[in-house]
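Participant: Structure provided below as structure tokens; questions to follow.
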Amino acid sequence: GRSLGVHMLLATQRPQGAINENIKANTNMRIALRVQEDGDSRDIIDVADAAAIPRTSPGRAYVRLGPNEVVAIQSALSTGSRDEASLAHVDVARFVYGPAPRQEIPPPPVDPAAVAGDRTGGPVDGVPLPAETDLAVLVSAIRDAFAATGRPAPRRPWPDPLPGEVDLDALVEQSIGAGLAQVGPGADGFVPLALADDPEAQSQYPVGWYRHEGNLIVYGIGGSGTTTTLTSLALSLARTQSPDDVHMYAMDFGAGELAALGPLPHVGAVILAAERERQTRLMRFLRTELDRRRDLGAAAVRGEPAIVTFVDGWSSLVAEYNDLAGTAHWEAFTRVVADGPEVGLYTVVAADRTGAVSHALTSLVRQRLALRLGDKGDYNNFGIRMGAVPEMVPGRAIAAANRQVIQVARPADGAQAAARRLAATIPAPSRPPVRMDVLTTEVRLADLGSAANLGARPWTIPVGVAEAARATAHLVAYQGEHALVVGPARSGKSTALLTVAAACKAARGDVRVVAVAGPRSPIGADPLVDRSIHPSEIGEGLMPLVEPGDGLVLVLVDDAEAVDDAGSVLDKLSTSDRADLLFVAAGRNDGVRTGYSHWTRPLRRSKLGIMLRPDVDLDGDIFGTRLPRRSPVAMVAGRGYLAASGDVELVQVARPR
């Protein structure tokens, strides 16, 4: 570079191993200040004189100008403070050998501005300035002299270090202006997220997440910026894509900071750590969507909106579902993570350590970011030596693919304010994302919007809302099949009987409702019941009431475990094959379960009915099925499982009115 006008000043504290023969051959001027050993002095100036410099002489040095030409010098001090004392007159005289007359040298003229304090650290307009060093004055003088030449500024060999704060809005605008990111339909999938430092190219430029390359994993301990990374990514995605093209969901197992994304029309749900019902519903929805899109084919999938799921706190999600009770939901979600990108279902995960995400899933993810980790040795998983790890301030990350250092951007006015500001500028979507609402605890039969079908068998009778599909759940009774409602006290058994009666009466006016109810049962006096008899009157009074006629007959029995079957009338009805008859009994789950010779035994063979607030270990045997070990919802009154032919469906039973 010397022949091209490029010159270098090299400095080192220990020359051994740092100064090789090639450097010596191309450096004509070498300066050695005080060194510790003779060998160090010889490495620089080929003589041992620099090792003999006393420590009381700072700045003393030897200069090697050529072969056998070593000169002792005293270097000037350039780091002293320029106070008012430094402006005093200094008597300067030339130094000569031998007797000679003293030659006075006049002092340089004093700059009035400097005396006023604009360069010496003195007060300006009464405000004291910090002391300025000789080195700073020298640099300022050099800059002024260069500016006076009128030449263009020299090229800087490297950019400024990455800032600790990067504004997200400015980064997105820079990405759009540079053509890196596109806005609206047809975008290439690049989502601006961070500012990258590229020393090899001597530049800094926006980087982000490429959707077409699949999922993203962000590693980092608490306070490193993992939540900010997820929030900024969601805001950037909403900034560049419409809610018709991208739907977003978030599961926040942290402090709930992702709730700031709620105002965005792209967001279908922000689910917190304690909302297990909404979590399981989202997992089931994503798995169902995965299967649906697989059946559509590649061409049709391109017209579907992309779905991006953010998970903040992967370790907590694993601990919550990776057990026997949550195995089904966990397997469904991990399948979405593994296979979803092929059909437009993406997952962005924040984990607190590198081992939190299993190797089976990590091996499928190309895009990974490592923020500040608990142990510097964990960076070895990304091919980065401990000594090469930079200072990891909040938001500082390393891209695993190319080991590039980046600074994650964030909105200057905060995530919540940015989301509200952005939502105000986005029109309402034509196909909004599916909301992950909780199963209601209050639903009325009229709200179901579905009528019973009591024509040809099987009869379909609406009884409530299914938890999985949020659609109407029906009691489907084939000819010769009858139903059983079981549950503990005050679980809603009597209400379920009246709901069946109300649905049947609303469908056909010729339905005759006959009830067997004791004094504690509320159904006997209900207007929906046409005739009600006491359990003691069954033997003589029930059969005439249920004889075949012009219409349909619905027989209801409440508190069945406490009702004796006088004359085997109830046994005959529970096994009847009449096309115009439906027999429904309700009783305590423990009483029905243990009544081996009770008249309700034949009803169990139909495997049709409702289990309200069931005992998951025992009540499944009543209908010959197995209940989930853990329910995704709280089992309040009126909530339970609708059983049919061995299958169960979680429902909220509707009230009759």
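Quick note on naming: the chains in the structure tokens go A, B, ... in the order shown, residues restart at 1 in each chain, and ligands are numbered from 1 in order of appearance.
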What's the 7 Å shell around region 346-350 of chain A, counting only C-alpha atoms, without same-chain residues fewer than 4 positions away, as JSON, numbers by chain?
Facilitator: {"A": [214, 215, 216, 217, 218, 219, 226, 307, 308, 309, 310, 311, 312, 313, 314, 337, 340, 341]}
Participant: Taking only C-alpha atoms into account, which of A:His212, A:Pro628, A:Gly66, A:His482 comes nearest Thr327 (chain A)?
Facilitator: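 Under the stated criterion, the closest residue is A:Pro628.
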Participant: Please identify all polymer residues within 8 Å of Ala356 (chain A), counting only C-alpha atoms, omitting same-chain residues fewer than 3 positions from it, and present them as a list of chain:residue names.
Facilitator: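 Surrounding residues, per the criterion: A:Trp314, A:Ser315, A:Ala351, A:Asp352, A:Arg353.
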Participant: Write the residues of the preceding selection, restricted to all heavy atoms, as a PDB file, in the first residue's frame.
Facilitator:
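Saved result, part_12.pdb, follows:
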```
ATOM      1  N   TRP A 314     -40.874 -20.680  25.420  1.00  0.00           N
ATOM      2  CA  TRP A 314     -41.027 -22.061  24.946  1.00  0.00           C
ATOM      3  C   TRP A 314     -40.871 -23.062  26.083  1.00  0.00           C
ATOM      4  O   TRP A 314     -41.558 -24.080  26.126  1.00  0.00           O
ATOM      5  CB  TRP A 314     -40.020 -22.327  23.836  1.00  0.00           C
ATOM      6  CG  TRP A 314     -40.110 -23.683  23.236  1.00  0.00           C
ATOM      7  CD1 TRP A 314     -39.356 -24.785  23.559  1.00  0.00           C
ATOM      8  CD2 TRP A 314     -41.021 -24.112  22.217  1.00  0.00           C
ATOM      9  NE1 TRP A 314     -39.728 -25.855  22.796  1.00  0.00           N
ATOM     10  CE2 TRP A 314     -40.748 -25.476  21.969  1.00  0.00           C
ATOM     11  CE3 TRP A 314     -42.028 -23.486  21.499  1.00  0.00           C
ATOM     12  CZ2 TRP A 314     -41.452 -26.215  21.029  1.00  0.00           C
ATOM     13  CZ3 TRP A 314     -42.720 -24.212  20.559  1.00  0.00           C
ATOM     14  CH2 TRP A 314     -42.439 -25.556  20.328  1.00  0.00           C
ATOM     15  N   SER A 315     -39.964 -22.794  27.018  1.00  0.00           N
ATOM     16  CA  SER A 315     -39.748 -23.726  28.131  1.00  0.00           C
ATOM     17  C   SER A 315     -41.016 -23.899  28.959  1.00  0.00           C
ATOM     18  O   SER A 315     -41.341 -25.009  29.386  1.00  0.00           O
ATOM     19  CB  SER A 315     -38.598 -23.235  29.014  1.00  0.00           C
ATOM     20  OG  SER A 315     -37.387 -23.179  28.288  1.00  0.00           O
ATOM     21  N   ALA A 351     -36.941 -18.710  23.232  1.00  0.00           N
ATOM     22  CA  ALA A 351     -36.515 -19.681  24.237  1.00  0.00           C
ATOM     23  C   ALA A 351     -35.417 -19.069  25.094  1.00  0.00           C
ATOM     24  O   ALA A 351     -34.626 -18.248  24.621  1.00  0.00           O
ATOM     25  CB  ALA A 351     -36.020 -20.964  23.576  1.00  0.00           C
ATOM     26  N   ASP A 352     -35.359 -19.482  26.363  1.00  0.00           N
ATOM     27  CA  ASP A 352     -34.395 -18.887  27.286  1.00  0.00           C
ATOM     28  C   ASP A 352     -33.022 -19.545  27.241  1.00  0.00           C
ATOM     29  O   ASP A 352     -32.072 -19.033  27.815  1.00  0.00           O
ATOM     30  CB  ASP A 352     -34.939 -18.924  28.722  1.00  0.00           C
ATOM     31  CG  ASP A 352     -35.320 -20.335  29.157  1.00  0.00           C
ATOM     32  OD1 ASP A 352     -35.151 -21.272  28.356  1.00  0.00           O
ATOM     33  OD2 ASP A 352     -35.806 -20.491  30.298  1.00  0.00           O
ATOM     34  N   ARG A 353     -32.882 -20.669  26.586  1.00  0.00           N
ATOM     35  CA  ARG A 353     -31.582 -21.340  26.466  1.00  0.00           C
ATOM     36  C   ARG A 353     -31.574 -22.177  25.197  1.00  0.00           C
ATOM     37  O   ARG A 353     -32.631 -22.511  24.659  1.00  0.00           O
ATOM     38  CB  ARG A 353     -31.290 -22.202  27.690  1.00  0.00           C
ATOM     39  CG  ARG A 353     -32.297 -23.312  27.909  1.00  0.00           C
ATOM     40  CD  ARG A 353     -32.056 -24.039  29.227  1.00  0.00           C
ATOM     41  NE  ARG A 353     -32.914 -25.197  29.377  1.00  0.00           N
ATOM     42  CZ  ARG A 353     -34.166 -25.153  29.791  1.00  0.00           C
ATOM     43  NH1 ARG A 353     -34.692 -23.995  30.120  1.00  0.00           N
ATOM     44  NH2 ARG A 353     -34.878 -26.256  29.896  1.00  0.00           N
TER      45      ARG A 353
END
```
Participant: For Gly225 (chain A), which residue out of A:Leu171, A:Ile45, A:Val408, A:Ala145 is the nearest one, using only C-alpha atoms?
Facilitator: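 Nearest to Gly225 (chain A): A:Val408.
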Participant: If we count only C-alpha atoms and set the cut-off at 8 Å, which residues sit around Thr575 (chain A), ignoring sequence neighbours fewer than 2 positions away in its own chain? Please answer as a PyMOL selection string.
Facilitator: chain A and resi 480-481+571-573+577+602-603
Participant: Extract the full set of strand (DSSP E) residues from region 509-586 of chain A according to DSSP on the backbone, and format it as a list in words.
Facilitator: Val511, Arg512, Val513, Val514, Ala515, Val516, Arg531, Ser532, Ile533, Leu552, Val553, Leu554, Val555, Leu556, Val557, Leu581, Leu582, Phe583, Val584, Ala585 and Ala586 of chain A
Participant: Could you check the closest approach to Ala52 (chain A) for each of A:Phe382, A:Leu373, A:Leu65, A:Arg34 and tell me which residue wins, using only C-alpha atoms?
Facilitator: A:Arg34
Participant: List the spatial neighbours of region 190-204 of chain A as a tab-separated table (two decimals) with C-alpha atoms, in the first residue's frame - criterion: any atom at most 8 Å away, only C-alpha atoms, same-chain residues fewer than 3 positions off excluded.
Facilitator:
```tsv
chain	number	residue	atom	x	y	z
A	157	PRO	CA	-12.46	2.72	6.60
A	158	TRP	CA	-15.28	1.50	8.85
A	159	PRO	CA	-18.77	2.65	9.90
A	161	PRO	CA	-20.38	0.78	15.85
A	162	LEU	CA	-23.91	-0.62	16.03
A	166	VAL	CA	-32.60	1.32	16.46
A	168	LEU	CA	-38.27	0.30	13.97
A	171	LEU	CA	-35.66	0.69	9.70
A	172	VAL	CA	-38.82	-0.36	7.85
A	175	SER	CA	-35.85	-1.35	3.91
A	180	LEU	CA	-35.35	-4.99	0.47
A	181	ALA	CA	-38.95	-5.13	1.69
A	182	GLN	CA	-42.17	-4.90	-0.25
A	187	ALA	CA	-44.33	-9.39	-1.15
A	207	VAL	CA	-31.87	-7.60	7.97
A	208	GLY	CA	-34.89	-9.58	9.07
A	209	TRP	CA	-36.94	-12.72	8.81
A	210	TYR	CA	-37.54	-14.46	5.49
A	211	ARG	CA	-40.88	-16.26	5.60
A	229	THR	CA	-37.82	-9.16	19.14
A	232	SER	CA	-41.00	-5.79	16.71
A	233	LEU	CA	-41.32	-8.64	14.23
A	236	SER	CA	-43.02	-4.96	11.11
A	237	LEU	CA	-45.11	-7.76	9.62
A	240	THR	CA	-45.75	-4.49	5.38
A	404	GLN	CA	-23.42	-11.64	11.89
A	405	VAL	CA	-23.92	-9.18	14.76
A	406	ILE	CA	-27.24	-7.33	14.62
A	407	GLN	CA	-29.21	-4.88	16.75
A	408	VAL	CA	-32.95	-5.56	16.95
A	409	ALA	CA	-35.08	-2.50	16.28
```
Participant: Near Leu618 (chain A), counting only C-alpha atoms, which residues have an atom at most 10 Å away, once you skip same-chain residues fewer than 3 positions from it, shown as a list in words?
Facilitator: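 Final neighbour list, sorted by chain and number: Asn589, Asp590, Arg593, Pro614, Asp615, Asp621, Ile622, Thr625, Arg626 and Leu627 of chain A.
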Participant: I need the residues in region 280-367 of chain A that are helix (DSSP H, G or I) according to DSSP; give them as an MDAnalysis selection string.
Facilitator: chainID A and resid 280:296 298:301 314:321 327:343 359:362
Participant: When you look at Arg14 (chain A) with a cut-off of 9 Å (counting only C-alpha atoms), what residues show up, excluding the ones that are within fewer than 4 positions of it in the same chain? I need them as a ChimeraX atom specification.
Facilitator: /A:18-19,35,40
Participant: One decimal, in Å: what's the spacing between CA of Val636 (chain A) and CA of Arg520 (chain A)?
Facilitator: 21.5 Å
Participant: Restricting the calculation to only C-alpha atoms, which member of A:Asp46, A:Thr12, A:Val438, A:Val318 is positioned closest to Asn68 (chain A)?
Facilitator: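 For Asn68 (chain A), the nearest of the given residues is A:Asp46.
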Participant: Using only C-alpha atoms for the distances, tell me which of A:Arg604, A:Arg60, A:Arg294, A:Arg470 is nearest to Leu439 (chain A).
Facilitator: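 Selected residue with least distance to Leu439 (chain A): A:Arg470.
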